[in-house]
Amino acid sequence: MSQTFMLDGKAIPFEEGQTIIQAATKAGVFIPHLCYHPDFKPHGSCKLCTVKVNGRQTASCTMRAMAGMVVESDTEEINAERRALTQMLFVEGNHFCPSCEQSGNCQLQATAYHLGMMSPHYDHFFPNRPVDASHPEVLLDFNRCILCSLCVRASRDVDGKNVFALSGRGITTHLIVNAKSGQLGDTNFTLADKAAQVCPVGVILRKRKGFAVPIGERKYDHAPISESVTTEGR
Amino acid sequence: MNAPAKKLKVATTSLAGCFGCHMSFLDIDERLFTLLEYIEFDRSPLTDIKECSPDCDIGIIEGGLCNAENVHVLREFRKNCKILIAIGACAINGGLPAQRNHLPLTTILEEVYHTSPGLANGMIPNDPELPLPLDKVHPIHEVVKIDYFMPGCPPSGDAIWKVLTDLLAGREPELGHGLMHYD
Amino acid sequence: MALNDMHTETVAGIVDRVVTRYRRDPTCMVQILREVQEACDWIPPEAIDRMQVLLGVPRTKIEGVAGFYSFFYTQPRGKYRILFSDNITDRMLGNKAMMDRLCSSLWVERGKVSEDSLVSIGKTACTGMCDQGPAMLVNNYAVAGLTATRIDEIAELIRNKVPLAEWPAEYFRIDDNIRRADILLGSDLKPGDALLAARARAPSDGLMASNMRSWREGLPTGLSGPISMLDEIKRSNLRGRGGAGFTTALKWEACRNAPLKAGLQRIVVCNADEGEPGTFKDRVLLSKYADLVFEGMTVAAYAVGATRGFIYLRGEYRYMLDHLNAVLAHRRRENLLGNNILGIPGADFDIEIHVGAGAYVCGEESALIESLEGKRGTPRNRPPFPVTNGYLDQPTIVNNVETFAAAALIALNGGEWYAGIGTKHSAGTKILSVSGDCERPGLYEYPFGVSIRQVLEDCGALDTQAVQVSGPSGICVAADEFDRIIGFEDIPTAGAFTVFNGTRDMFQVARNYVHFFQHESCGFCTPCRVGTSLLKNLMDKLHNGAGSPYDFAEIEKLNQLLQSMSHCGLGHTACNPVLDTIAKFRPAYDKRMMQQDFTPAFDLDRALAAARQMTGRDDAAAHLTTETGGEA
């Protein structure tokens, strides 16, 4: 008999060492997330996956599941907070969906749809962010970066290349590239890298392949992101 | 729903918009006849009425704030309409026109009117009748209180219909999968 | 020597020397960057090239760390890098006038580097000199008590390119301003006395000399010496003095009992980051009572079974590094540090000093440990906690300077003695660093339980409107609360006690604090990274006359969000100053509530300025007025 914890009134089985989101995902329960990816060690930075555990709020991607835990996730209160975080991300960068190559396959967008975000609410920052087209195969559009660090982790832990890292502090935090010039073209990054597949938004883009899939046939046109728990990976 | 005794006055406008949202609005097709049992249009490109009546119930605004005239129109709408709805990406987040925001306006005007290749005798238009552009394009909720938002570029006719019927029935507007889009 | 005289080999030579001294250890990245910059005046790309080669780490690792800390520059910032401390107390003492004076005297714009690359002038967060402000840092060396004359003298020295080492020593004098001493500030403990007392407590451990395990491994079944030391700490009811107030005995015991993998050690860390604006008590403890603090660290090492200690000294206290190292060297000579302390074989413990580089968030214990490991100072996911998985994944205790000082006295006099001081819930004394509108700013040590009113009387405060206790992350106390007491049961504090009289605008105080949090947010988590900027924009909006009840509601909502979703204490407390002052000093905000209804945050007329300039128009239609935008 495996151990269980309660999630929104439902008993979720878990194995020793699994985090709440890992166990929930396995059981087919969706918890909104951006910086979490099943293939990598959790980051715990986006805070979208925050749940209430025995009355206290914590990120479900870093909290180990324990027998007897009572977890709340799909409540009005928590979803409203998740929506506010998503709104913060939208005003922090320049997220213009109509001309974005990732639209329809974008985790940020799909999460915002799921949370019913009708407007960004806050005043936009309109930051001046660069675009790096130096690499022959890949374009980097930093306007859309949400600092999830998935590319950082993938490049370091899977590709063994350390192409990406974060620099700056606070609101000036930004992604940097492992080259003296700062340009992707001067690194050993390739399209085959795991880091090239893992971006949840429209930063790391394959060149010459934009808008290939018509509206209506993209990943999140077929099904909302909440149903992606039943499918493997991305 | 039963048709009310008095029809709601609905005003619409496109500020710095492409009119795509207005076109999409008309995509409700024959549902327009049903709608017209509940509402009547006031100031709108559809009626060509030039000014809002002081007792408008709903103002639907497409497009963001690009220049001084946009601001004047937006303020007129806020003053005369009980409820304002921002429709489309431009009204909600600045949209396409806001893609200029990372460039200083001075640079833009220089490039367009002076240094653009093939241009001769360039001059920045300064006729007093022309509205001056703001240094940044702003979503409309950054200048006046907006009550509701209809995202999309444009929102589909079905999405617009859903929001309007929710509002007319006194429900909080909600768009589910398939209707909710930012593109 | 102008910057562009530096040749690449010279830079490489500097890097070689520094990296070698730090044993080519990437965990010393922050120290290496600091020393490279001290020698080169910035961190040039060639330095990073060389560091990459010697340390064998990706370039991004070096750049990412350099980009995190305020004091590291990857662009030239001049031979003389001036940073004016910009705490609210500095403002109250006129730092703006000082800064303007120096800027105009040296022909440099605030925040920029001078044309001749000689000097740059900017602002920095509170440098811990609130009792003798306005203060500034010159190449991270503190200069306090600035006056117009002093500014002029310094401008002259800079113009004449006089090396910092040749400036009058008088400029760098920092006063202690001890106004009220008690057990800590009045302590005359002779180095070694506390250690001897700790050891003497378990006389059967006369054979401890033969059992090295009691010191190094600190197993639960170890000898009674360390256990009895731990018992004294328990008996004393000592709680941390850094602000969190965690029960010290619990922390030490957990570390002692944490499983230890082969080859690993237990670590003692002294948190001397003292970044909370208005706090400067650790500054004095370290400059004047270093032996007491180091003795306390050694006592802790004894109790938990640690062999290695660190002091994380904030970058703003760089001036005392040589002094501290001298005290450590002295203790080594006296057999109080190093191998075989007090002649006990195997009793090994030594302390290294790591200097910070301008990041308030590194005062948070897990962020501090990240910084000690040579990384960006972002707080860790917890659990696990440092006591089981801390520095390089080893069991680590992180305690405040004052906590260690108290521990030394407890080792000497026993826990019962200590518990008898203070109140039932708060044992011992607390050093308060008092500044702001008072006759006698400085250090006041009281047994816990002292009232705010008493402190105000003692420091000569008149017409006090408010007291900010424990800095911006603490609590703002209004006049009707002055009978409340300092203690964990009422108003806890790390020590900051900032006094504001009736002439002060409490809105501006809150705004200064909000700007601080926004600047210091580490940027790791969404709510704090974006939320502190949103909060700053809201406060600026109120300041600019565009505030309405709508904005108040927004501030409330942001507070809820930050409190429930933030990754660490910085985010949790970022809205505190605003909410406290709104609740207790409403008139200061009502004055700023210029609008009834929602109003845009930006000036619409100013938004047309560029277009007016480009078209040469100034007619009525070329302007926009401020107008409210509908019911809030």
# chains A, B, ... in the order shown; residues from 1 in each chain; ligands from 1

call {"tool": "select_by_dssp", "arguments": {"residues": "range 26-131 of chain A", "states": "alpha helix (DSSP H)", "output": "VMD selection string"}}
result
chain A and resid 26 76 to 92 107 to 114

call {"tool": "interface_residues", "arguments": {"of": "chain A", "to": "chain C", "cutoff": "6 Å", "atoms": "only C-alpha atoms", "output": "PyMOL selection string"}}
result
chain A and resi 45-46+165-171+178

call {"tool": "write_last_selection", "arguments": {"atoms": "C-alpha atoms", "output": "mmCIF file, in the first residue's frame"}}
result
data_model
loop_
_atom_site.group_PDB
_atom_site.id
_atom_site.type_symbol
_atom_site.label_atom_id
_atom_site.label_comp_id
_atom_site.auth_asym_id
_atom_site.auth_seq_id
_atom_site.Cartn_x
_atom_site.Cartn_y
_atom_site.Cartn_z
ATOM 1 C CA SER A 45 11.691 30.505 -8.908
ATOM 2 C CA CYS A 46 8.527 31.155 -10.895
ATOM 3 C CA ALA A 165 23.590 31.532 -17.277
ATOM 4 C CA LEU A 166 21.928 34.344 -15.371
ATOM 5 C CA SER A 167 23.602 37.653 -14.585
ATOM 6 C CA GLY A 168 22.493 40.907 -12.996
ATOM 7 C CA ARG A 169 20.360 41.226 -9.881
ATOM 8 C CA GLY A 170 16.749 42.046 -9.153
ATOM 9 C CA ILE A 171 14.755 43.465 -12.009
ATOM 10 C CA ASN A 178 28.966 31.739 -22.719
#

call {"tool": "atom_distance", "arguments": {"atom1": "CA of Pro134 in chain C", "atom2": "CA of Tyr80 in chain C"}}
result
18.5 Å

call {"tool": "interface_residues", "arguments": {"of": "chain B", "to": "chain C", "cutoff": "12 Å", "atoms": "only C-alpha atoms", "output": "number ranges by chain"}}
result
B: 65-72, 74-84, 104-110, 113-114, 123-147

call {"tool": "write_last_selection", "arguments": {"atoms": "C-alpha atoms", "output": "PDB file, in the first residue's frame"}}
result
ATOM      1  CA  LEU B  65      -2.873  55.273 -26.875  1.00  0.00           C
ATOM      2  CA  CYS B  66      -0.481  56.504 -29.500  1.00  0.00           C
ATOM      3  CA  ASN B  67      -1.082  60.239 -29.590  1.00  0.00           C
ATOM      4  CA  ALA B  68      -2.801  63.125 -27.819  1.00  0.00           C
ATOM      5  CA  GLU B  69      -6.043  62.707 -29.728  1.00  0.00           C
ATOM      6  CA  ASN B  70      -6.326  59.089 -28.616  1.00  0.00           C
ATOM      7  CA  VAL B  71      -6.112  60.353 -25.038  1.00  0.00           C
ATOM      8  CA  HIS B  72      -8.850  62.930 -25.592  1.00  0.00           C
ATOM      9  CA  LEU B  74     -10.455  57.857 -24.346  1.00  0.00           C
ATOM     10  CA  ARG B  75     -11.203  60.468 -21.722  1.00  0.00           C
ATOM     11  CA  GLU B  76     -14.454  61.387 -23.451  1.00  0.00           C
ATOM     12  CA  PHE B  77     -15.454  57.747 -23.360  1.00  0.00           C
ATOM     13  CA  ARG B  78     -14.568  57.409 -19.688  1.00  0.00           C
ATOM     14  CA  LYS B  79     -16.572  60.491 -18.856  1.00  0.00           C
ATOM     15  CA  ASN B  80     -19.671  59.469 -20.741  1.00  0.00           C
ATOM     16  CA  CYS B  81     -19.806  55.690 -20.420  1.00  0.00           C
ATOM     17  CA  LYS B  82     -20.659  53.817 -17.254  1.00  0.00           C
ATOM     18  CA  ILE B  83     -18.636  50.768 -18.273  1.00  0.00           C
ATOM     19  CA  LEU B  84     -15.575  50.627 -20.507  1.00  0.00           C
ATOM     20  CA  PRO B 104      13.136  56.852 -28.438  1.00  0.00           C
ATOM     21  CA  LEU B 105      10.494  58.819 -30.314  1.00  0.00           C
ATOM     22  CA  THR B 106      13.130  61.246 -31.520  1.00  0.00           C
ATOM     23  CA  THR B 107      14.993  58.385 -33.231  1.00  0.00           C
ATOM     24  CA  ILE B 108      11.812  57.171 -34.887  1.00  0.00           C
ATOM     25  CA  LEU B 109      10.791  60.569 -36.228  1.00  0.00           C
ATOM     26  CA  GLU B 110      14.326  61.219 -37.482  1.00  0.00           C
ATOM     27  CA  TYR B 113      11.073  61.815 -41.874  1.00  0.00           C
ATOM     28  CA  HIS B 114      14.737  62.594 -42.381  1.00  0.00           C
ATOM     29  CA  MET B 123      10.422  67.357 -42.629  1.00  0.00           C
ATOM     30  CA  ILE B 124       8.670  66.287 -39.475  1.00  0.00           C
ATOM     31  CA  PRO B 125       4.998  67.213 -39.952  1.00  0.00           C
ATOM     32  CA  ASN B 126       4.043  69.957 -37.548  1.00  0.00           C
ATOM     33  CA  ASP B 127       0.657  71.167 -38.643  1.00  0.00           C
ATOM     34  CA  PRO B 128      -1.335  72.130 -35.528  1.00  0.00           C
ATOM     35  CA  GLU B 129      -4.173  69.897 -36.692  1.00  0.00           C
ATOM     36  CA  LEU B 130      -2.051  66.781 -36.364  1.00  0.00           C
ATOM     37  CA  PRO B 131      -2.102  65.025 -33.009  1.00  0.00           C
ATOM     38  CA  LEU B 132       1.360  64.692 -31.477  1.00  0.00           C
ATOM     39  CA  PRO B 133       2.600  61.191 -30.680  1.00  0.00           C
ATOM     40  CA  LEU B 134       3.298  60.174 -27.075  1.00  0.00           C
ATOM     41  CA  ASP B 135       6.832  59.095 -26.251  1.00  0.00           C
ATOM     42  CA  LYS B 136       5.540  55.572 -25.611  1.00  0.00           C
ATOM     43  CA  VAL B 137       2.398  53.772 -26.743  1.00  0.00           C
ATOM     44  CA  HIS B 138       0.274  52.905 -23.722  1.00  0.00           C
ATOM     45  CA  PRO B 139      -2.461  50.353 -23.040  1.00  0.00           C
ATOM     46  CA  ILE B 140      -5.652  52.189 -22.207  1.00  0.00           C
ATOM     47  CA  HIS B 141      -5.930  50.902 -18.645  1.00  0.00           C
ATOM     48  CA  GLU B 142      -2.786  52.877 -17.804  1.00  0.00           C
ATOM     49  CA  VAL B 143      -4.655  56.141 -18.353  1.00  0.00           C
ATOM     50  CA  VAL B 144      -8.255  55.489 -17.356  1.00  0.00           C
ATOM     51  CA  LYS B 145     -10.004  52.852 -15.314  1.00  0.00           C
ATOM     52  CA  ILE B 146     -11.142  50.043 -17.591  1.00  0.00           C
ATOM     53  CA  ASP B 147     -13.839  47.717 -16.365  1.00  0.00           C
TER      54      ASP B 147
END

call {"tool": "residues_around", "arguments": {"residues": "range 366-368 of chain C", "least_positions_apart": "3", "cutoff": "7 Å", "atoms": "only C-alpha atoms", "output": "PDB file with N, CA and C atoms, in the first residue's frame"}}
result
ATOM      1  N   VAL C 361      20.790  40.978   0.379  1.00  0.00           N
ATOM      2  CA  VAL C 361      20.173  39.658   0.443  1.00  0.00           C
ATOM      3  C   VAL C 361      21.149  38.616   0.993  1.00  0.00           C
ATOM      4  N   CYS C 362      22.437  38.879   0.922  1.00  0.00           N
ATOM      5  CA  CYS C 362      23.420  37.936   1.453  1.00  0.00           C
ATOM      6  C   CYS C 362      23.452  37.913   2.973  1.00  0.00           C
ATOM      7  N   GLY C 363      22.612  38.711   3.603  1.00  0.00           N
ATOM      8  CA  GLY C 363      22.444  38.606   5.046  1.00  0.00           C
ATOM      9  C   GLY C 363      21.501  37.457   5.389  1.00  0.00           C
ATOM     10  N   SER C 371      26.961  32.719  -1.331  1.00  0.00           N
ATOM     11  CA  SER C 371      28.026  33.675  -1.595  1.00  0.00           C
ATOM     12  C   SER C 371      29.379  33.133  -1.123  1.00  0.00           C
ATOM     13  N   LEU C 372      29.366  32.448   0.015  1.00  0.00           N
ATOM     14  CA  LEU C 372      30.596  31.826   0.527  1.00  0.00           C
ATOM     15  C   LEU C 372      31.106  30.766  -0.447  1.00  0.00           C
ATOM     16  N   GLY C 377      24.244  35.384  -4.850  1.00  0.00           N
ATOM     17  CA  GLY C 377      23.622  35.261  -3.524  1.00  0.00           C
ATOM     18  C   GLY C 377      22.119  35.119  -3.547  1.00  0.00           C
ATOM     19  N   THR C 378      21.597  34.062  -4.171  1.00  0.00           N
ATOM     20  CA  THR C 378      20.141  33.859  -4.160  1.00  0.00           C
ATOM     21  C   THR C 378      19.821  32.815  -3.098  1.00  0.00           C
ATOM     22  N   PRO C 379      18.803  33.062  -2.272  1.00  0.00           N
ATOM     23  CA  PRO C 379      18.472  32.122  -1.200  1.00  0.00           C
ATOM     24  C   PRO C 379      18.107  30.752  -1.763  1.00  0.00           C
ATOM     25  N   ARG C 380      18.392  29.746  -0.971  1.00  0.00           N
ATOM     26  CA  ARG C 380      18.141  28.386  -1.412  1.00  0.00           C
ATOM     27  C   ARG C 380      16.719  27.957  -1.149  1.00  0.00           C
ATOM     28  N   PRO C 386      20.475  24.846   6.477  1.00  0.00           N
ATOM     29  CA  PRO C 386      21.933  24.850   6.623  1.00  0.00           C
ATOM     30  C   PRO C 386      22.462  23.935   7.726  1.00  0.00           C
TER      31      PRO C 386
END

call {"tool": "interface_residues", "arguments": {"of": "chain A", "to": "chain B", "cutoff": "6 Å", "atoms": "only C-alpha atoms", "output": "PyMOL selection string"}}
result
chain A and resi 97-98+118+128

call {"tool": "residues_around", "arguments": {"residues": "Asp193 in chain C", "least_positions_apart": "3", "cutoff": "12 Å", "atoms": "only C-alpha atoms", "output": "count of residues only"}}
result
23

call {"tool": "atom_distance", "arguments": {"atom1": "CA of Met136 in chain C", "atom2": "CA of Phe310 in chain C"}}
result
26.8 Å

call {"tool": "select_by_dssp", "arguments": {"residues": "range 11-173 of chain A", "states": "strand (DSSP E)", "output": "list in words"}}
result
Ala11, Ile12, Pro13, Phe14, Thr50, Val51, Lys52, Val53, Arg56, Gln57, Thr58, Ala59, Val70, Val71, Glu72, Val131, Asp132, Val138, Leu139, Leu140, Asp141, Phe164, Ala165, Leu166 and Ser167 of chain A

call {"tool": "write_last_selection", "arguments": {"atoms": "C-alpha atoms", "output": "PDB file, in the first residue's frame"}}
result
ATOM      1  CA  ALA A  11      -5.793  11.095  -2.201  1.00  0.00           C
ATOM      2  CA  ILE A  12      -2.581  11.194  -4.221  1.00  0.00           C
ATOM      3  CA  PRO A  13      -0.128   8.282  -3.977  1.00  0.00           C
ATOM      4  CA  PHE A  14       3.568   9.115  -3.868  1.00  0.00           C
ATOM      5  CA  THR A  50       2.704  27.443  -5.105  1.00  0.00           C
ATOM      6  CA  VAL A  51       0.257  25.416  -3.062  1.00  0.00           C
ATOM      7  CA  LYS A  52      -0.969  25.552   0.500  1.00  0.00           C
ATOM      8  CA  VAL A  53       0.421  22.735   2.641  1.00  0.00           C
ATOM      9  CA  ARG A  56       1.380  27.318   4.814  1.00  0.00           C
ATOM     10  CA  GLN A  57       2.230  28.295   1.249  1.00  0.00           C
ATOM     11  CA  THR A  58       5.178  26.731  -0.509  1.00  0.00           C
ATOM     12  CA  ALA A  59       6.368  25.816  -4.002  1.00  0.00           C
ATOM     13  CA  VAL A  70      -3.188  18.264   3.327  1.00  0.00           C
ATOM     14  CA  VAL A  71      -2.552  20.282   0.195  1.00  0.00           C
ATOM     15  CA  GLU A  72      -4.750  22.915  -1.434  1.00  0.00           C
ATOM     16  CA  VAL A 131      17.678  40.033 -29.935  1.00  0.00           C
ATOM     17  CA  ASP A 132      20.648  37.800 -30.814  1.00  0.00           C
ATOM     18  CA  VAL A 138      18.951  29.642 -33.662  1.00  0.00           C
ATOM     19  CA  LEU A 139      17.533  33.049 -32.818  1.00  0.00           C
ATOM     20  CA  LEU A 140      17.408  34.392 -29.273  1.00  0.00           C
ATOM     21  CA  ASP A 141      14.682  36.918 -28.542  1.00  0.00           C
ATOM     22  CA  PHE A 164      23.486  29.898 -20.696  1.00  0.00           C
ATOM     23  CA  ALA A 165      23.590  31.532 -17.277  1.00  0.00           C
ATOM     24  CA  LEU A 166      21.928  34.344 -15.371  1.00  0.00           C
ATOM     25  CA  SER A 167      23.602  37.653 -14.585  1.00  0.00           C
TER      26      SER A 167
END

call {"tool": "residues_around", "arguments": {"residues": "Asp152 in chain C", "least_positions_apart": "2", "cutoff": "12 Å", "atoms": "only C-alpha atoms", "output": "list in words"}}
result
Met98, Met99, Asp100, Arg101, Leu102, Cys103, Ser104, Ser105, Leu106, Leu146, Thr147, Ala148, Thr149, Arg150, Ile154, Ala155, Glu156, Leu157, Ile158 and Arg159 of chain C

call {"tool": "write_last_selection", "arguments": {"atoms": "C-alpha atoms", "output": "compact mmCIF listing (two decimals), in the first residue's frame"}}
result
# COMPACT_ATOMS: atom_id res chain seq x y z
CA MET C 98 27.21 66.69 -0.26
CA MET C 99 26.82 64.58 -3.36
CA ASP C 100 25.82 67.53 -5.55
CA ARG C 101 28.78 69.45 -4.24
CA LEU C 102 31.25 66.72 -5.06
CA CYS C 103 29.68 66.09 -8.47
CA SER C 104 29.88 69.72 -9.50
CA SER C 105 33.36 70.09 -8.04
CA LEU C 106 34.66 67.17 -10.08
CA LEU C 146 31.06 64.37 5.71
CA THR C 147 31.01 68.15 5.71
CA ALA C 148 31.25 70.66 2.89
CA THR C 149 34.88 71.29 3.84
CA ARG C 150 35.73 67.61 3.82
CA ILE C 154 38.51 65.19 -1.03
CA ALA C 155 37.74 66.73 -4.41
CA GLU C 156 41.18 68.33 -4.32
CA LEU C 157 42.89 65.04 -3.48
CA ILE C 158 41.09 63.35 -6.34
CA ARG C 159 41.93 66.11 -8.79

call {"tool": "atom_distance", "arguments": {"atom1": "CA of Leu32 in chain B", "atom2": "CA of Trp161 in chain B"}}
result
9.3 Å

call {"tool": "residues_around", "arguments": {"residues": "Asp158 in chain B", "least_positions_apart": "3", "cutoff": "10 Å", "atoms": "only C-alpha atoms", "output": "list in words"}}
result
Ser24, Phe25, Asp27, Ile28, Asp29, Arg31, Pro155, Trp161, Lys162, Val163, Leu164, Leu175, Gly178 and Leu179 of chain B

call {"tool": "residues_around", "arguments": {"residues": "Ile60 in chain B", "least_positions_apart": "5", "cutoff": "8 Å", "atoms": "only C-alpha atoms", "output": "PyMOL selection string"}}
result
chain B and resi 10-13+84-87
